[in-house]
Amino acid sequence: MEKHIIQWSYWLGVVCVVLALVTRALNVLGVASLVLGRGNPIGYRSFLDGALLFFLTAIATASYAWFKLHKPQA
């Protein structure tokens with residue numbers, strides 16, 4: 001059960017990262033969104049949020065790879 005929870009939470013996180021990137025790209029280009037306004041500029045906060053997003057994704061990927069490498073004893 002633990003293996004399935006780790007796998008599903010990892011892939012859910014990957015999907016969330018992709019959706020966040022697509023939403024931000026569309027917002028910068030000026031495409032209307034339900035949650036965000038139209039055409040927010042890219043500022044220092046965008047880079048900070050992006051760095052944090054990629055940092056957490058790297059941690060999750062390393063943890064997932066480590067878990068797959070060290071198979072739990074059944």
# chains A, B, ... in the order shown; residues from 1 in each chain; ligands from 1

$ residues_around --residues "region 7-10 of chain A" --least-positions-apart "4" --cutoff "8 Å" --atoms "only C-alpha atoms" --output "ChimeraX atom specification"
/A:3,14,60-61,64

$ closest_residue --among "A:Ile59, A:Leu53, A:Ile5, A:Leu48" --to "Ala20 (chain A)" --atoms "only C-alpha atoms"
A:Leu53

$ closest_residue --among "A:Leu69, A:Phe55, A:Thr23, A:Ser63" --to "Ile6 (chain A)" --atoms "only C-alpha atoms"
A:Ser63

$ residues_around --residues "Ser46 (chain A)" --least-positions-apart "4" --cutoff "12 Å" --atoms "only C-alpha atoms" --output "list of chain:residue names"
A:Ala20, A:Leu21, A:Arg24, A:Ala25, A:Asn27, A:Val28, A:Asn40, A:Pro41, A:Ile42, A:Gly50, A:Ala51, A:Leu52, A:Leu53

$ write_last_selection --atoms "all heavy atoms" --output "PDB file, in the first residue's frame"
ATOM      1  N   ALA A  20       0.646  24.148 -13.204  1.00  0.00           N
ATOM      2  CA  ALA A  20       1.087  25.460 -12.721  1.00  0.00           C
ATOM      3  C   ALA A  20       1.890  26.190 -13.786  1.00  0.00           C
ATOM      4  O   ALA A  20       1.711  27.396 -13.997  1.00  0.00           O
ATOM      5  CB  ALA A  20       1.913  25.305 -11.446  1.00  0.00           C
ATOM      6  N   LEU A  21       2.783  25.472 -14.472  1.00  0.00           N
ATOM      7  CA  LEU A  21       3.578  26.095 -15.528  1.00  0.00           C
ATOM      8  C   LEU A  21       2.718  26.536 -16.713  1.00  0.00           C
ATOM      9  O   LEU A  21       2.891  27.637 -17.237  1.00  0.00           O
ATOM     10  CB  LEU A  21       4.666  25.130 -16.001  1.00  0.00           C
ATOM     11  CG  LEU A  21       5.776  24.846 -14.997  1.00  0.00           C
ATOM     12  CD1 LEU A  21       6.692  23.760 -15.530  1.00  0.00           C
ATOM     13  CD2 LEU A  21       6.545  26.104 -14.693  1.00  0.00           C
ATOM     14  N   ARG A  24       0.609  29.601 -15.663  1.00  0.00           N
ATOM     15  CA  ARG A  24       1.412  30.824 -15.588  1.00  0.00           C
ATOM     16  C   ARG A  24       1.790  31.315 -16.986  1.00  0.00           C
ATOM     17  O   ARG A  24       1.737  32.518 -17.257  1.00  0.00           O
ATOM     18  CB  ARG A  24       2.668  30.573 -14.754  1.00  0.00           C
ATOM     19  CG  ARG A  24       3.535  31.778 -14.590  1.00  0.00           C
ATOM     20  CD  ARG A  24       2.805  32.894 -13.877  1.00  0.00           C
ATOM     21  NE  ARG A  24       3.690  34.041 -13.741  1.00  0.00           N
ATOM     22  CZ  ARG A  24       3.285  35.283 -13.715  1.00  0.00           C
ATOM     23  NH1 ARG A  24       2.006  35.558 -13.763  1.00  0.00           N
ATOM     24  NH2 ARG A  24       4.143  36.258 -13.610  1.00  0.00           N
ATOM     25  N   ALA A  25       2.143  30.402 -17.871  1.00  0.00           N
ATOM     26  CA  ALA A  25       2.497  30.796 -19.240  1.00  0.00           C
ATOM     27  C   ALA A  25       1.301  31.436 -19.941  1.00  0.00           C
ATOM     28  O   ALA A  25       1.444  32.469 -20.608  1.00  0.00           O
ATOM     29  CB  ALA A  25       2.997  29.594 -20.024  1.00  0.00           C
ATOM     30  N   ASN A  27      -1.179  32.929 -18.506  1.00  0.00           N
ATOM     31  CA  ASN A  27      -1.454  34.191 -17.846  1.00  0.00           C
ATOM     32  C   ASN A  27      -0.521  35.291 -18.345  1.00  0.00           C
ATOM     33  O   ASN A  27      -0.942  36.416 -18.578  1.00  0.00           O
ATOM     34  CB  ASN A  27      -1.341  34.019 -16.339  1.00  0.00           C
ATOM     35  CG  ASN A  27      -1.840  35.224 -15.595  1.00  0.00           C
ATOM     36  OD1 ASN A  27      -2.506  36.081 -16.153  1.00  0.00           O
ATOM     37  ND2 ASN A  27      -1.512  35.296 -14.331  1.00  0.00           N
ATOM     38  N   VAL A  28       0.747  34.962 -18.517  1.00  0.00           N
ATOM     39  CA  VAL A  28       1.707  35.944 -19.013  1.00  0.00           C
ATOM     40  C   VAL A  28       1.364  36.358 -20.441  1.00  0.00           C
ATOM     41  O   VAL A  28       1.508  37.524 -20.816  1.00  0.00           O
ATOM     42  CB  VAL A  28       3.145  35.384 -18.922  1.00  0.00           C
ATOM     43  CG1 VAL A  28       4.119  36.241 -19.692  1.00  0.00           C
ATOM     44  CG2 VAL A  28       3.570  35.276 -17.475  1.00  0.00           C
ATOM     45  N   ASN A  40      -0.667  39.177 -16.124  1.00  0.00           N
ATOM     46  CA  ASN A  40       0.193  39.622 -15.030  1.00  0.00           C
ATOM     47  C   ASN A  40       1.643  39.615 -15.487  1.00  0.00           C
ATOM     48  O   ASN A  40       2.095  38.660 -16.114  1.00  0.00           O
ATOM     49  CB  ASN A  40       0.048  38.722 -13.802  1.00  0.00           C
ATOM     50  CG  ASN A  40      -1.285  38.902 -13.125  1.00  0.00           C
ATOM     51  OD1 ASN A  40      -1.899  39.949 -13.231  1.00  0.00           O
ATOM     52  ND2 ASN A  40      -1.740  37.871 -12.447  1.00  0.00           N
ATOM     53  N   PRO A  41       2.408  40.643 -15.178  1.00  0.00           N
ATOM     54  CA  PRO A  41       3.807  40.684 -15.611  1.00  0.00           C
ATOM     55  C   PRO A  41       4.662  39.698 -14.822  1.00  0.00           C
ATOM     56  O   PRO A  41       4.292  39.286 -13.722  1.00  0.00           O
ATOM     57  CB  PRO A  41       4.226  42.120 -15.307  1.00  0.00           C
ATOM     58  CG  PRO A  41       3.326  42.543 -14.205  1.00  0.00           C
ATOM     59  CD  PRO A  41       2.025  41.833 -14.434  1.00  0.00           C
ATOM     60  N   ILE A  42       5.791  39.359 -15.409  1.00  0.00           N
ATOM     61  CA  ILE A  42       6.741  38.489 -14.723  1.00  0.00           C
ATOM     62  C   ILE A  42       7.624  39.378 -13.859  1.00  0.00           C
ATOM     63  O   ILE A  42       8.237  40.315 -14.350  1.00  0.00           O
ATOM     64  CB  ILE A  42       7.605  37.700 -15.721  1.00  0.00           C
ATOM     65  CG1 ILE A  42       6.731  36.737 -16.509  1.00  0.00           C
ATOM     66  CG2 ILE A  42       8.693  36.924 -14.997  1.00  0.00           C
ATOM     67  CD1 ILE A  42       7.481  35.961 -17.564  1.00  0.00           C
ATOM     68  N   GLY A  50       8.905  30.021  -9.011  1.00  0.00           N
ATOM     69  CA  GLY A  50       9.367  28.983  -9.936  1.00  0.00           C
ATOM     70  C   GLY A  50      10.530  28.190  -9.371  1.00  0.00           C
ATOM     71  O   GLY A  50      10.583  26.966  -9.497  1.00  0.00           O
ATOM     72  N   ALA A  51      11.471  28.890  -8.723  1.00  0.00           N
ATOM     73  CA  ALA A  51      12.616  28.203  -8.118  1.00  0.00           C
ATOM     74  C   ALA A  51      12.157  27.263  -7.008  1.00  0.00           C
ATOM     75  O   ALA A  51      12.630  26.125  -6.908  1.00  0.00           O
ATOM     76  CB  ALA A  51      13.610  29.220  -7.576  1.00  0.00           C
ATOM     77  N   LEU A  52      11.220  27.722  -6.198  1.00  0.00           N
ATOM     78  CA  LEU A  52      10.694  26.875  -5.124  1.00  0.00           C
ATOM     79  C   LEU A  52       9.956  25.670  -5.698  1.00  0.00           C
ATOM     80  O   LEU A  52      10.108  24.544  -5.211  1.00  0.00           O
ATOM     81  CB  LEU A  52       9.768  27.692  -4.231  1.00  0.00           C
ATOM     82  CG  LEU A  52       9.199  26.984  -3.024  1.00  0.00           C
ATOM     83  CD1 LEU A  52      10.327  26.521  -2.093  1.00  0.00           C
ATOM     84  CD2 LEU A  52       8.255  27.899  -2.276  1.00  0.00           C
ATOM     85  N   LEU A  53       9.189  25.894  -6.749  1.00  0.00           N
ATOM     86  CA  LEU A  53       8.460  24.799  -7.397  1.00  0.00           C
ATOM     87  C   LEU A  53       9.412  23.736  -7.941  1.00  0.00           C
ATOM     88  O   LEU A  53       9.240  22.540  -7.694  1.00  0.00           O
ATOM     89  CB  LEU A  53       7.594  25.360  -8.524  1.00  0.00           C
ATOM     90  CG  LEU A  53       6.745  24.370  -9.304  1.00  0.00           C
ATOM     91  CD1 LEU A  53       5.625  23.840  -8.426  1.00  0.00           C
ATOM     92  CD2 LEU A  53       6.174  25.048 -10.524  1.00  0.00           C
TER      93      LEU A  53
END
